[in-house]
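K.L.:
I'm passing along coords.cif; it holds mmCIF, N, CA and C atoms.
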data_structure
loop_
_atom_site.label_atom_id
_atom_site.label_comp_id
_atom_site.auth_asym_id
_atom_site.auth_seq_id
_atom_site.Cartn_x
_atom_site.Cartn_y
_atom_site.Cartn_z
N MET A 1 -4.57 -8.62 29.61
CA MET A 1 -4.58 -7.25 29.13
C MET A 1 -3.54 -7.10 28.01
N MET A 2 -3.90 -6.34 26.99
CA MET A 2 -3.00 -6.11 25.85
C MET A 2 -1.94 -5.07 26.19
N THR A 3 -0.74 -5.31 25.70
CA THR A 3 0.31 -4.30 25.81
C THR A 3 0.06 -3.25 24.73
N PRO A 4 0.65 -2.07 24.85
CA PRO A 4 0.49 -1.07 23.79
C PRO A 4 0.95 -1.59 22.42
N GLU A 5 2.01 -2.37 22.40
CA GLU A 5 2.51 -2.93 21.15
C GLU A 5 1.51 -3.90 20.53
N GLN A 6 0.89 -4.73 21.38
CA GLN A 6 -0.12 -5.67 20.88
C GLN A 6 -1.34 -4.94 20.36
N LEU A 7 -1.77 -3.88 21.06
CA LEU A 7 -2.92 -3.08 20.62
C LEU A 7 -2.62 -2.43 19.28
N ARG A 8 -1.44 -1.84 19.15
CA ARG A 8 -1.04 -1.20 17.89
C ARG A 8 -1.04 -2.22 16.76
N ALA A 9 -0.46 -3.38 16.98
CA ALA A 9 -0.42 -4.43 15.96
C ALA A 9 -1.82 -4.88 15.59
N SER A 10 -2.69 -4.97 16.59
CA SER A 10 -4.06 -5.40 16.34
C SER A 10 -4.82 -4.37 15.50
N VAL A 11 -4.68 -3.10 15.83
CA VAL A 11 -5.34 -2.04 15.07
C VAL A 11 -4.82 -2.02 13.63
N LEU A 12 -3.51 -2.13 13.45
CA LEU A 12 -2.95 -2.16 12.09
C LEU A 12 -3.45 -3.37 11.32
N GLN A 13 -3.54 -4.52 11.97
CA GLN A 13 -4.02 -5.72 11.29
C GLN A 13 -5.47 -5.55 10.85
N PHE A 14 -6.32 -5.01 11.74
CA PHE A 14 -7.71 -4.75 11.37
C PHE A 14 -7.79 -3.77 10.21
N ALA A 15 -6.96 -2.74 10.23
CA ALA A 15 -6.96 -1.75 9.13
C ALA A 15 -6.56 -2.41 7.81
N MET A 16 -5.52 -3.24 7.85
CA MET A 16 -5.05 -3.90 6.63
C MET A 16 -6.10 -4.86 6.07
N GLU A 17 -6.92 -5.42 6.93
CA GLU A 17 -7.95 -6.38 6.51
C GLU A 17 -9.28 -5.71 6.20
N GLY A 18 -9.36 -4.37 6.33
CA GLY A 18 -10.60 -3.66 6.04
C GLY A 18 -11.66 -3.85 7.10
N LYS A 19 -11.25 -4.15 8.32
CA LYS A 19 -12.20 -4.41 9.40
C LYS A 19 -12.26 -3.28 10.42
N LEU A 20 -11.50 -2.21 10.19
CA LEU A 20 -11.43 -1.13 11.17
C LEU A 20 -12.62 -0.18 11.06
N VAL A 21 -13.07 0.06 9.84
CA VAL A 21 -14.21 0.95 9.61
C VAL A 21 -15.18 0.30 8.65
N GLU A 22 -16.39 0.79 8.63
CA GLU A 22 -17.41 0.28 7.72
C GLU A 22 -17.01 0.56 6.27
N GLN A 23 -17.25 -0.39 5.39
CA GLN A 23 -16.98 -0.21 3.96
C GLN A 23 -18.21 0.44 3.34
N ARG A 24 -18.03 1.63 2.76
CA ARG A 24 -19.16 2.37 2.20
C ARG A 24 -19.08 2.40 0.68
N PRO A 25 -20.17 2.03 0.01
CA PRO A 25 -20.18 1.99 -1.46
C PRO A 25 -19.83 3.32 -2.11
N GLU A 26 -20.20 4.43 -1.49
CA GLU A 26 -19.93 5.74 -2.09
C GLU A 26 -18.44 6.06 -2.16
N GLU A 27 -17.62 5.31 -1.44
CA GLU A 27 -16.17 5.52 -1.50
C GLU A 27 -15.53 4.83 -2.70
N GLY A 28 -16.31 4.05 -3.43
CA GLY A 28 -15.78 3.37 -4.61
C GLY A 28 -15.11 2.06 -4.24
N THR A 29 -14.60 1.40 -5.27
CA THR A 29 -13.96 0.10 -5.06
C THR A 29 -12.47 0.18 -5.32
N GLY A 30 -11.78 -0.83 -4.87
CA GLY A 30 -10.36 -0.93 -5.13
C GLY A 30 -10.07 -0.98 -6.63
N GLU A 31 -10.92 -1.67 -7.39
CA GLU A 31 -10.74 -1.78 -8.83
C GLU A 31 -10.88 -0.42 -9.51
N GLU A 32 -11.85 0.39 -9.05
CA GLU A 32 -12.01 1.73 -9.63
C GLU A 32 -10.78 2.59 -9.35
N LEU A 33 -10.28 2.55 -8.13
CA LEU A 33 -9.08 3.31 -7.78
C LEU A 33 -7.88 2.82 -8.58
N TYR A 34 -7.75 1.51 -8.70
CA TYR A 34 -6.66 0.92 -9.48
C TYR A 34 -6.69 1.43 -10.93
N GLN A 35 -7.88 1.45 -11.53
CA GLN A 35 -8.00 1.93 -12.92
C GLN A 35 -7.64 3.41 -13.03
N GLU A 36 -8.01 4.22 -12.04
CA GLU A 36 -7.63 5.64 -12.03
C GLU A 36 -6.11 5.78 -11.98
N ILE A 37 -5.47 4.99 -11.14
CA ILE A 37 -4.02 5.03 -11.02
C ILE A 37 -3.36 4.61 -12.33
N GLN A 38 -3.88 3.55 -12.96
CA GLN A 38 -3.32 3.09 -14.24
C GLN A 38 -3.48 4.15 -15.33
N THR A 39 -4.61 4.84 -15.35
CA THR A 39 -4.84 5.91 -16.32
C THR A 39 -3.83 7.04 -16.11
N GLU A 40 -3.62 7.44 -14.86
CA GLU A 40 -2.66 8.49 -14.54
C GLU A 40 -1.24 8.06 -14.90
N LYS A 41 -0.89 6.82 -14.60
CA LYS A 41 0.45 6.33 -14.95
C LYS A 41 0.66 6.32 -16.46
N ALA A 42 -0.37 5.92 -17.23
CA ALA A 42 -0.27 5.92 -18.70
C ALA A 42 -0.06 7.34 -19.21
N LYS A 43 -0.73 8.30 -18.60
CA LYS A 43 -0.56 9.71 -18.98
C LYS A 43 0.87 10.17 -18.71
N LEU A 44 1.40 9.80 -17.55
CA LEU A 44 2.77 10.19 -17.20
C LEU A 44 3.80 9.52 -18.11
N VAL A 45 3.53 8.29 -18.53
CA VAL A 45 4.41 7.61 -19.48
C VAL A 45 4.39 8.36 -20.81
N LYS A 46 3.20 8.70 -21.28
CA LYS A 46 3.05 9.40 -22.56
C LYS A 46 3.76 10.76 -22.53
N GLU A 47 3.72 11.43 -21.37
CA GLU A 47 4.38 12.73 -21.21
C GLU A 47 5.88 12.59 -20.98
N GLY A 48 6.37 11.35 -20.84
CA GLY A 48 7.79 11.12 -20.62
C GLY A 48 8.25 11.37 -19.19
N LYS A 49 7.32 11.47 -18.28
CA LYS A 49 7.68 11.76 -16.89
C LYS A 49 8.08 10.50 -16.11
N ILE A 50 7.54 9.35 -16.52
CA ILE A 50 7.95 8.08 -15.94
C ILE A 50 8.13 7.07 -17.07
N LYS A 51 8.88 6.02 -16.78
CA LYS A 51 9.09 4.97 -17.78
C LYS A 51 7.96 3.95 -17.70
N LYS A 52 7.64 3.36 -18.86
CA LYS A 52 6.66 2.29 -18.88
C LYS A 52 7.28 1.09 -18.18
N GLN A 53 6.51 0.47 -17.32
CA GLN A 53 7.06 -0.66 -16.58
C GLN A 53 6.59 -1.99 -17.18
N LYS A 54 7.37 -2.99 -16.90
CA LYS A 54 7.01 -4.33 -17.34
C LYS A 54 5.82 -4.82 -16.52
N PRO A 55 4.94 -5.60 -17.14
CA PRO A 55 3.80 -6.14 -16.38
C PRO A 55 4.29 -7.02 -15.23
N LEU A 56 3.64 -6.90 -14.11
CA LEU A 56 3.98 -7.70 -12.94
C LEU A 56 3.08 -8.93 -12.90
N PRO A 57 3.55 -10.01 -12.30
CA PRO A 57 2.73 -11.23 -12.25
C PRO A 57 1.47 -11.03 -11.42
N GLU A 58 0.41 -11.73 -11.78
CA GLU A 58 -0.83 -11.69 -11.01
C GLU A 58 -0.54 -12.21 -9.59
N ILE A 59 -1.30 -11.74 -8.64
CA ILE A 59 -1.17 -12.20 -7.27
C ILE A 59 -1.96 -13.50 -7.13
N THR A 60 -1.28 -14.53 -6.69
CA THR A 60 -1.93 -15.84 -6.55
C THR A 60 -2.63 -15.92 -5.19
N ASP A 61 -3.56 -16.85 -5.06
CA ASP A 61 -4.25 -17.05 -3.79
C ASP A 61 -3.28 -17.39 -2.67
N ASP A 62 -2.20 -18.09 -3.00
CA ASP A 62 -1.20 -18.46 -1.99
C ASP A 62 -0.48 -17.24 -1.42
N GLU A 63 -0.44 -16.14 -2.20
CA GLU A 63 0.25 -14.93 -1.75
C GLU A 63 -0.63 -14.04 -0.88
N LYS A 64 -1.91 -14.30 -0.83
CA LYS A 64 -2.84 -13.46 -0.08
C LYS A 64 -2.88 -13.92 1.38
N PRO A 65 -2.35 -13.11 2.29
CA PRO A 65 -2.24 -13.55 3.68
C PRO A 65 -3.55 -13.53 4.47
N PHE A 66 -4.57 -12.83 3.96
CA PHE A 66 -5.85 -12.76 4.65
C PHE A 66 -6.91 -12.30 3.65
N ASP A 67 -8.16 -12.46 4.05
CA ASP A 67 -9.27 -12.01 3.22
C ASP A 67 -9.44 -10.50 3.38
N ILE A 68 -9.88 -9.86 2.30
CA ILE A 68 -10.17 -8.42 2.33
C ILE A 68 -11.61 -8.21 1.86
N PRO A 69 -12.17 -7.03 2.13
CA PRO A 69 -13.53 -6.77 1.67
C PRO A 69 -13.66 -6.94 0.14
N GLU A 70 -14.85 -7.30 -0.31
CA GLU A 70 -15.08 -7.52 -1.75
C GLU A 70 -14.80 -6.28 -2.58
N SER A 71 -14.96 -5.10 -1.99
CA SER A 71 -14.74 -3.87 -2.75
C SER A 71 -13.25 -3.52 -2.86
N TRP A 72 -12.37 -4.24 -2.20
CA TRP A 72 -10.93 -4.01 -2.27
C TRP A 72 -10.32 -4.91 -3.32
N SER A 73 -9.07 -4.60 -3.69
CA SER A 73 -8.33 -5.42 -4.66
C SER A 73 -6.90 -5.62 -4.18
N TRP A 74 -6.39 -6.81 -4.43
CA TRP A 74 -4.97 -7.07 -4.17
C TRP A 74 -4.18 -6.58 -5.38
N VAL A 75 -3.14 -5.78 -5.14
CA VAL A 75 -2.25 -5.32 -6.21
C VAL A 75 -0.82 -5.33 -5.69
N ARG A 76 0.10 -5.34 -6.60
CA ARG A 76 1.52 -5.23 -6.23
C ARG A 76 1.86 -3.75 -6.10
N LEU A 77 2.78 -3.42 -5.18
CA LEU A 77 3.14 -2.02 -4.96
C LEU A 77 3.57 -1.33 -6.25
N GLY A 78 4.29 -2.05 -7.10
CA GLY A 78 4.77 -1.47 -8.35
C GLY A 78 3.65 -1.10 -9.31
N GLU A 79 2.45 -1.67 -9.11
CA GLU A 79 1.31 -1.37 -9.97
C GLU A 79 0.63 -0.05 -9.60
N ILE A 80 0.84 0.42 -8.39
CA ILE A 80 0.16 1.63 -7.93
C ILE A 80 1.11 2.75 -7.54
N SER A 81 2.39 2.57 -7.83
CA SER A 81 3.36 3.61 -7.53
C SER A 81 4.16 3.92 -8.77
N SER A 82 4.76 5.09 -8.78
CA SER A 82 5.59 5.43 -9.94
C SER A 82 7.03 5.00 -9.72
N THR A 83 7.42 4.83 -8.47
CA THR A 83 8.79 4.46 -8.17
C THR A 83 8.83 3.53 -6.97
N VAL A 84 9.53 2.44 -7.11
CA VAL A 84 9.83 1.57 -5.97
C VAL A 84 11.33 1.35 -6.03
N THR A 85 12.05 2.06 -5.18
CA THR A 85 13.51 1.98 -5.18
C THR A 85 14.02 2.03 -3.76
N LYS A 86 15.31 1.87 -3.64
CA LYS A 86 15.98 2.10 -2.37
C LYS A 86 16.40 3.56 -2.37
N GLY A 87 16.60 4.11 -1.21
CA GLY A 87 17.03 5.50 -1.13
C GLY A 87 17.48 5.79 0.28
N THR A 88 17.60 7.06 0.58
CA THR A 88 18.02 7.45 1.91
C THR A 88 16.85 8.06 2.66
N THR A 89 16.85 7.85 3.95
CA THR A 89 15.84 8.44 4.81
C THR A 89 16.25 9.87 5.10
N PRO A 90 15.29 10.80 5.16
CA PRO A 90 15.66 12.19 5.46
C PRO A 90 16.42 12.30 6.77
N ARG A 91 17.41 13.19 6.79
CA ARG A 91 18.16 13.42 8.03
C ARG A 91 17.28 14.15 9.03
N GLY A 92 17.56 13.98 10.28
CA GLY A 92 16.81 14.70 11.32
C GLY A 92 15.85 13.84 12.09
N GLY A 93 15.85 12.53 11.84
CA GLY A 93 14.98 11.64 12.60
C GLY A 93 13.51 11.92 12.35
N ASN A 94 12.69 11.68 13.36
CA ASN A 94 11.24 11.84 13.22
C ASN A 94 10.83 13.27 12.86
N ALA A 95 11.66 14.27 13.19
CA ALA A 95 11.33 15.66 12.87
C ALA A 95 11.29 15.88 11.36
N SER A 96 11.94 15.02 10.58
CA SER A 96 11.98 15.15 9.12
C SER A 96 10.73 14.60 8.45
N TYR A 97 9.94 13.80 9.16
CA TYR A 97 8.75 13.22 8.58
C TYR A 97 7.63 14.24 8.56
N SER A 98 6.83 14.22 7.52
CA SER A 98 5.73 15.15 7.36
C SER A 98 4.41 14.42 7.58
N THR A 99 3.42 15.13 8.10
CA THR A 99 2.11 14.53 8.29
C THR A 99 1.20 14.79 7.10
N SER A 100 1.71 15.48 6.07
CA SER A 100 0.89 15.73 4.88
C SER A 100 1.77 15.58 3.64
N GLY A 101 1.15 15.61 2.48
CA GLY A 101 1.89 15.47 1.23
C GLY A 101 1.98 14.02 0.81
N ILE A 102 2.94 13.73 -0.05
CA ILE A 102 3.12 12.38 -0.57
C ILE A 102 3.90 11.56 0.45
N GLY A 103 3.33 10.45 0.84
CA GLY A 103 3.97 9.59 1.82
C GLY A 103 5.00 8.67 1.18
N PHE A 104 5.78 8.04 1.99
CA PHE A 104 6.73 7.06 1.49
C PHE A 104 6.87 5.93 2.49
N LEU A 105 7.23 4.79 1.97
CA LEU A 105 7.52 3.63 2.81
C LEU A 105 9.03 3.48 2.88
N ARG A 106 9.51 3.15 4.05
CA ARG A 106 10.94 2.87 4.18
C ARG A 106 11.21 1.44 3.73
N ALA A 107 12.43 1.16 3.36
CA ALA A 107 12.79 -0.17 2.86
C ALA A 107 12.40 -1.26 3.85
N GLU A 108 12.52 -1.00 5.12
CA GLU A 108 12.19 -2.03 6.11
C GLU A 108 10.69 -2.33 6.15
N ASN A 109 9.85 -1.45 5.56
CA ASN A 109 8.41 -1.70 5.51
C ASN A 109 8.04 -2.67 4.40
N ILE A 110 8.92 -2.84 3.45
CA ILE A 110 8.59 -3.63 2.26
C ILE A 110 9.45 -4.88 2.24
N ALA A 111 8.80 -6.03 2.13
CA ALA A 111 9.52 -7.31 2.04
C ALA A 111 9.37 -7.82 0.62
N GLY A 112 10.46 -7.97 -0.11
CA GLY A 112 10.40 -8.49 -1.47
C GLY A 112 9.72 -7.54 -2.45
N LEU A 113 9.58 -6.28 -2.08
CA LEU A 113 8.95 -5.25 -2.91
C LEU A 113 7.52 -5.55 -3.31
N ASP A 114 6.88 -6.52 -2.67
CA ASP A 114 5.48 -6.77 -3.01
C ASP A 114 4.60 -7.09 -1.82
N SER A 115 5.14 -7.04 -0.62
CA SER A 115 4.28 -7.24 0.55
C SER A 115 4.69 -6.26 1.63
N LEU A 116 3.76 -5.87 2.44
CA LEU A 116 3.96 -4.83 3.44
C LEU A 116 4.22 -5.43 4.81
N ASN A 117 5.29 -4.99 5.45
CA ASN A 117 5.60 -5.39 6.82
C ASN A 117 5.02 -4.33 7.74
N ILE A 118 3.86 -4.60 8.34
CA ILE A 118 3.17 -3.59 9.13
C ILE A 118 3.72 -3.43 10.54
N THR A 119 4.67 -4.25 10.92
CA THR A 119 5.17 -4.17 12.29
C THR A 119 6.08 -2.97 12.52
N LYS A 120 6.63 -2.37 11.46
CA LYS A 120 7.57 -1.26 11.64
C LYS A 120 7.15 0.02 10.91
N ILE A 121 5.85 0.17 10.65
CA ILE A 121 5.37 1.37 9.97
C ILE A 121 5.40 2.54 10.93
N LYS A 122 5.93 3.68 10.48
CA LYS A 122 5.92 4.90 11.28
C LYS A 122 4.56 5.56 11.13
N LEU A 123 3.92 5.90 12.21
CA LEU A 123 2.63 6.58 12.18
C LEU A 123 2.80 8.05 12.43
#
Mind turning the file's structure into structure tokens?

P.N.:
Amino acid sequence: MMTPEQLRASVLQFAMEGKLVEQRPEEGTGEELYQEIQTEKAKLVKEGKIKKQKPLPEITDDEKPFDIPESWSWVRLGEISSTVTKGTTPRGGNASYSTSGIGFLRAENIAGLDSLNITKIKL
């Protein structure tokens, strides 16, 4: 029998691999979403709201820990976010976390700023 921790890890692993729900074409592809994000980032750069970032290296096959659905794309966190920095966690413990709005990852969730540590994600 699985422990609650093992079940949680298993569900997160399936989600990360795109195996938790059916992949539907009407939801678009990872590449389409990536291009939308790049267009928005270019607009923000032009407006002076964010700085233009240096190109990040392509993700090699050796860096891919598992297969993902064909409609998904591997990207580096810096390619789809406007800011990847260290900072402080809101005071107040779990009561400070919001269930809506713009989410954030804590430093312990990110290893080397380009891979996700799913074992300590707050749900």

K.L.:
Suppose you want the space between atom C of Leu20 (chain A) and CA of Met1 (chain A); what is it in Å?

P.N.:
21.0 Å

K.L.:
In Å, rounded to a single decimal, give me how far atom N of Glu58 (chain A) is from atom C of Gln38 (chain A).

P.N.:
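Calculated distance between atom C of Gln38 (chain A) and atom N of Glu58 (chain A) is 16.7 Å.
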
K.L.:
Leaving out region 62-68 of chain A and any residue of its chain fewer than 5 positions from it, which residues lie within 8 Å of it when counting only C-alpha atoms, given as a list in words?

P.N.:
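Residues meeting the cut-off are Glu17, Gly18, Ser73 and Trp74 of chain A.
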
K.L.:
Restricting the calculation to only C-alpha atoms, which member of A:Pro4, A:Gly48, A:Pro69, A:Pro57 is positioned closest to Thr29 (chain A)?

P.N.:
A:Pro69
